[in-house]
Amino acid sequence: MFGYGRKNFTWNGTLRELEGRCPAFCTERGGRSMTASTSSSSGLEVLLSTLQNAGDVESTLNILSVLDELLSAGTDRRIHYMISKGGSEALLTTLVNTGRSFSPNYTVLLPLLHLLAKVGHRDRRIGMKAEKAGAVLLTLNLLKHNIENATRAAACLWVIQVFSSSVSTANLIGENHGLDVIYSLIPQYSTKHLPTIKAAINAFAALLCTKANVCSVVSKGYISGLLQLYEDWHSKDTQHVAIAICHALLHCLHKVTHSTAGRQAFISHGGTRLLYETTQKCLLSKGLESLVEPSVQLMRKCLPGTPLPLTSDQSAYKFPLPGRPHAVPDMDVAPDDSSEESDEEEDEDNQEADSKDYDDDLETDLNKLRNRPDPDRPKELLPQYSHLCPELSHDFQELDLSSEPEESSTASSSSSDEEAVLLNCFPLRSSRRDSSTTSSDSSTSSSGSHSETETEGHTSAAVQLEARDFHSHSSILCTSPSLRTMVREAREEAPPAQRGDELDDEERGAEESHHRTMIDKLLERHRDCIPHHEPKLYRAAAAKTKSIPGFSILAFPDFWGHLPPPGHTHMAPRKPNIQRQKVFEDIQRFLKTDDIINQVVFDLEDGSLQCPSDSLKFFSKFECGNLRKAIQVRRYEYDLILNADANCSQHTQWFYFEVSNMVADVPYRFNVINCEKSNSQFNYGMQPVLYSVREALEGRPHWVRSGTEICYFRNHFCPARGRRRTTFYTLTFTISFKHNEDVCYLAYHYPYTYSALKAHLKVLQKSVDPAMVFFREQILCTTLAENSCPVVTITACPASRSWKDMHQLRNRPYIVLTGRVHPGESNASWVMKGTLEFLCSSDPVAQSLREDFVFKIIPMLNPDGVINGTNRCDLSGEDLNRQWSKPDPVLSPTIYHTKGLLYYLNSIGRTPLVFCDYHGHSRKKNVFLYGCSVKETLWQSGSAVDTVGLKEDPGYRTIPKTLDRIAPAFSFNSCNYLVEKSRSATARVVVWREMGVLRSYTMESTYNGCDQGIYKGLQTGTKELQEMGMKFCQSLLSVTKDMKALYIWRLINHIDLDHNILDHKSHNCFEDDEPPCVEEIEYSTDCPALTGTDLDSDVNSNMASADKEEEGDEGHRGAKYRQGSVSQSQQSGVKSHLFPHLIRQASIETHCNGVSIATEQFTS
Ligand SMILES: [Zn+2]
């Protein structure tokens, strides 16, 4: 901290004396406990008053010396105390008194200016005070008179710099030609007077805090001058002694480019190229490293905004909404109310209370927290939902009949249904068109309730779709020679001679049957490889899925299936300076270097686009696909533009596309350039996922985390049209593909399509023993695009039809689970998959849960969004999780009917015990729950409402507490139970408030991984997500009253103990979302402003040289200066150099009676 030499303690004695009279001087709240001028003024006040009135040089010097010693020994608090006691005003008065004379006394002025610089630097109102005292122009005059004297000029410049913290003062100086005077003091490269030059540049930069000064500088052409100066200093400073000067010049350029005109001048004078070239030199030299970051930031800031190369910001997918066929809102032409440049736009995409300021957003209205709002619809509308509770009316007659044959016949009828679907989809088109093959999802439900009837016309459309799909898909498989070989192997036939595009229809038919054989052969080899996945079933389901563009191709991973790879994937380490490097590469594009190609190679809206034979091929026109455009930037670099949500111009984040025609082992850089979130887990170890068809065909059908050199940062792109204030971010990653000519898929996260859900439910239905498990898939409703939204009922069949067993069944509490309301949150679907599979399993806990509860599960609340690859919304362009208060039956049917079902359960006295909506969270790690609590909300909001008398069942904490013990990915400390106003229309809050469900949750699963527990540092895979779904079910045992279940529950705890899962908790506390990223991701980052110590050390070194000046030792000054500027670190350790040694000595003698005291203090 301090050099505890004798000298430094000199003034402790004086300090003690001061303390004696002014005990508050060194206490915490000194400022407050003092009154300004009592009869017994403090020592400090006496000093300040003496200073202003002192007539003679010697006493002024002595007082200045005392003040300097005082202020140098302690912390900034002393200076602030002095400021509060009128220190600045006293110094300014003294300055005006001394400086006004015709021949000012510089023995006094110099230390006075130095002290003023130090104090003023910490006084936010110094500019105003200086103006009031008339010190501003006086100082400027002093500067003008001392241009030849480096030491004096430097002192004036520091004071001017400090004064310029006020806009009006800076303008005053600017109006009086201060800018020109100071600018003239910045010479070309020189080794002399470096601190003075630096002081001039810093003062110049400080003056640029006002618009008027910046305009003046731009109009006078100083920008090109500054650039030339930078180039000159940079190129000639071979010994790296003037880095501080270069920094200061960059700082000036940063200031001056705050204005549009400044940025334009910077560009037109070749600023970008100049900085680009100097930066390249910096990168080669260790000594110049520190100039790289400010240079890169400066270039980045000046890059002109580039509109995305799109014809419209509106999604490429448009869907006419019922009732308003042309009412697609056109955001593009919406006038922007402000043309002013804004750095930050409200990030409205907080999924759930993440970085929000709780206090503003918390619901503090007790009525709203406690009273149930009126239902949004009349009671008469509720009975329609009775058919969605077949378990309540089903008579289980089959239990009485001799069970075996009957059940197998049920099963076989179900499977023959499936076969019918399948056959229907591999047609020789004409053959099977009889009505018996129209399928019905709920045909196995003997209650004969609502079923998915389809018109004949529709079915045949699906058939055709499937056929086309089949063909196109296999032709993709055949595009690459390696795959062709594999296909041939599978076919066990010789390579065909020629396979052209000029096939007539007959040949096409033959082709199709070839492909069919081929696929079948491959499937045979593949059979049973992936549990709960059947490619044929998937294809059948996909044939019925309706999309806006009419997808005709299946993405291979969805069709073939995904198996989690063995082992775990660690979070990707972040390479140092990776962002800087990527930004630097992006800047190169503007310099139009030879390697820039800039050619569109994929356009979702232009199918006829021909792309060069040596570029990557992209494709995204399949279920869940999202890629709108790909532009080859350099040979191995591509910009990717994502499609906005359908009927919308926003919410880009989710991507999923196919890429082919690659060369193995070449690092390809991909830049997703229109991301919208302001930060991303991609900055914290998350990787995108990759699926290789080649690998899959070789027996490794895995989505794997992939990509290196990943980072996420703000870019210079802006919307294509209109002036919507949007900031875009780049996600960049580099992939080296393993195989030549492979077909690969890249996605934001493990995809899970709507067709996958449909197929999965079919498999599950077939997998359960109908004598044990009551499993019903029904249709909740159809969506805007006429896809069915499935609702699944799972419970245990009663042991018999006895009154007791039936009574138990009909009185089981309900658990309602929903998911995937946000289509981009595919992790939610994997968690749901885990839940569904567990509930259908023969696990004793699952059996116990089925006997205790009836599960109503709506696994995908937003099928249309999922199908069309949107990220946030459904086809009406709305976030469905903000529609729960008053859902529109036409525009938000899934929400409307889910709420209807809940109302219905409510109306028959069967309010669910637990409700949980599964989500994904893009900015946090781990898995956690949001719940609802009146008390916690009121406490957290600091509300004055007295909560003592308020009764609240603490049961809402049971499940999270349990999960914390049994689920390794779960983090109890990330949970909260606050009711936010901005979330008042979400499922969680509405179900809690309107339905009175105590345990109403949102479950958020990370896209990235965990920072605690046994998965700490690992990225999450589908296995871990599914495990979470299972653990959530297990945790439900904690809310059961059933003794048998509790017994099993104890068993689980016991097992988990054995597995050592329980000891992983309790060390993650309430931290920020993320540790600060190694590099700033924003480019508002300026050159770091001068800190107090920087200025102090400059001032101090000036004094040392002032000594020499007094001694007339001009000759060594250059060297001295240079040393001063180089070894700042050395100086910062030195506390006080303000005064020449002689004067210091004198003042010591005058005031010193404290040395011994200090020494005693020190030794005691
Ligand atoms: Zn969500």
# chains A, B, ... in the order shown; residues from 1 in each chain; ligands from 1

$ residues_around --residues "Asp594 of chain A" --least-positions-apart "4" --cutoff "12 Å" --atoms "only C-alpha atoms" --output "list in words"
Gln588, Arg589, Phe590, Asn598, Val633, Arg634 and Arg635 of chain A

$ write_last_selection --atoms "all heavy atoms" --output "compact mmCIF listing (two decimals), in the first residue's frame"
# COMPACT_ATOMS: atom_id res chain seq x y z
N GLN A 588 -11.87 -6.70 -42.04
CA GLN A 588 -11.17 -6.88 -43.33
C GLN A 588 -12.12 -6.82 -44.51
O GLN A 588 -11.75 -6.37 -45.59
CB GLN A 588 -10.46 -8.24 -43.35
CG GLN A 588 -9.22 -8.28 -42.48
CD GLN A 588 -8.64 -9.68 -42.45
OE1 GLN A 588 -9.31 -10.66 -42.76
NE2 GLN A 588 -7.38 -9.77 -42.07
N ARG A 589 -13.33 -7.29 -44.29
CA ARG A 589 -14.29 -7.31 -45.41
C ARG A 589 -14.50 -5.92 -45.99
O ARG A 589 -14.74 -5.77 -47.17
CB ARG A 589 -15.64 -7.81 -44.93
CG ARG A 589 -15.64 -9.19 -44.42
CD ARG A 589 -17.09 -9.57 -44.22
NE ARG A 589 -17.25 -10.71 -43.35
CZ ARG A 589 -18.44 -11.19 -43.03
NH1 ARG A 589 -19.52 -10.61 -43.51
NH2 ARG A 589 -18.53 -12.23 -42.25
N PHE A 590 -14.44 -4.94 -45.12
CA PHE A 590 -14.70 -3.57 -45.58
C PHE A 590 -13.55 -3.02 -46.38
O PHE A 590 -13.68 -2.01 -47.06
CB PHE A 590 -15.00 -2.66 -44.39
CG PHE A 590 -16.37 -2.89 -43.88
CD1 PHE A 590 -16.64 -3.94 -43.03
CD2 PHE A 590 -17.42 -2.08 -44.29
CE1 PHE A 590 -17.92 -4.17 -42.58
CE2 PHE A 590 -18.70 -2.30 -43.85
CZ PHE A 590 -18.95 -3.36 -42.99
N ASN A 598 -18.30 -12.90 -51.29
CA ASN A 598 -19.65 -12.32 -51.16
C ASN A 598 -20.65 -12.82 -52.19
O ASN A 598 -21.21 -12.04 -52.95
CB ASN A 598 -19.57 -10.79 -51.23
CG ASN A 598 -19.47 -10.20 -49.84
OD1 ASN A 598 -19.77 -10.89 -48.85
ND2 ASN A 598 -19.06 -8.97 -49.74
N VAL A 633 -18.66 -15.76 -47.94
CA VAL A 633 -17.92 -14.52 -47.75
C VAL A 633 -16.49 -14.69 -48.24
O VAL A 633 -15.96 -13.90 -49.01
CB VAL A 633 -17.90 -14.12 -46.27
CG1 VAL A 633 -17.12 -12.83 -46.09
CG2 VAL A 633 -19.30 -13.96 -45.74
N ARG A 634 -15.86 -15.74 -47.77
CA ARG A 634 -14.53 -16.11 -48.23
C ARG A 634 -14.60 -17.58 -48.63
O ARG A 634 -15.63 -18.23 -48.50
CB ARG A 634 -13.49 -15.90 -47.14
CG ARG A 634 -13.31 -14.46 -46.68
CD ARG A 634 -12.20 -14.40 -45.64
NE ARG A 634 -11.88 -13.03 -45.20
CZ ARG A 634 -12.52 -12.38 -44.23
NH1 ARG A 634 -13.51 -12.96 -43.59
NH2 ARG A 634 -12.16 -11.16 -43.89
N ARG A 635 -13.50 -18.09 -49.08
CA ARG A 635 -13.50 -19.46 -49.56
C ARG A 635 -14.10 -20.42 -48.53
O ARG A 635 -14.91 -21.28 -48.87
CB ARG A 635 -12.03 -19.87 -49.87
CG ARG A 635 -11.86 -21.30 -50.30
CD ARG A 635 -11.51 -21.44 -51.76
NE ARG A 635 -11.69 -22.82 -52.21
CZ ARG A 635 -10.70 -23.66 -52.37
NH1 ARG A 635 -9.45 -23.28 -52.18
NH2 ARG A 635 -10.95 -24.90 -52.77

$ residues_near_ligand --ligand "ligand 1" --cutoff "7 Å" --atoms "only C-alpha atoms and all ligand atoms" --output "list of chain:residue names"
A:Gln351, A:Val821, A:His822, A:Glu825, A:His919, A:Gly920, A:His921

$ closest_residue --among "A:Val689, A:Leu902, A:Leu913, A:Ala212" --to "Gln1019 of chain A" --atoms "only C-alpha atoms"
A:Val689

$ atom_distance --atom1 "atom CA of Ser315 of chain A" --atom2 "atom CA of Lys621 of chain A"
13.7 Å

$ closest_residue --among "A:Leu142, A:Cys246, A:Val1039, A:Cys529" --to "Ser103 of chain A" --atoms "only C-alpha atoms"
A:Leu142

$ select_by_dssp --residues "segment 590-756 of chain A" --states "strand (DSSP E)" --output "NGL selection string"
:A and (599-603 or 617-619 or 629-634 or 637-641 or 656-660 or 667-675 or 689-692 or 703-705 or 708-714 or 717-718 or 729-736 or 743-747)

$ residues_around --residues "Leu116 of chain A" --least-positions-apart "6" --cutoff "9 Å" --atoms "only C-alpha atoms" --output "list of chain:residue names"
A:Ser88, A:Leu91, A:Leu92, A:Leu95, A:Trp158, A:Val159, A:Val162

$ select_by_dssp --residues "segment 184-340 of chain A" --states "helix (DSSP H, G or I)" --output "PyMOL selection string"
chain A and resi 184+194-207+211-219+222-236+243-256+260-268+271-284+286-302+331-333

$ residues_around --residues "segment 759-771 of chain A" --least-positions-apart "6" --cutoff "6 Å" --atoms "only C-alpha atoms" --output "PyMOL selection string"
chain A and resi 532+537-538+541

$ closest_residue --among "A:Pro187, A:Gly178, A:Pro111, A:Pro889" --to "Asn213 of chain A" --atoms "only C-alpha atoms"
A:Gly178

$ residues_around --residues "Lys546 of chain A" --least-positions-apart "2" --cutoff "8 Å" --atoms "only C-alpha atoms" --output "list in words"
Lys544, Ile548, Gly550, Phe551, Ala785, Glu786, Asn787 and Ile867 of chain A
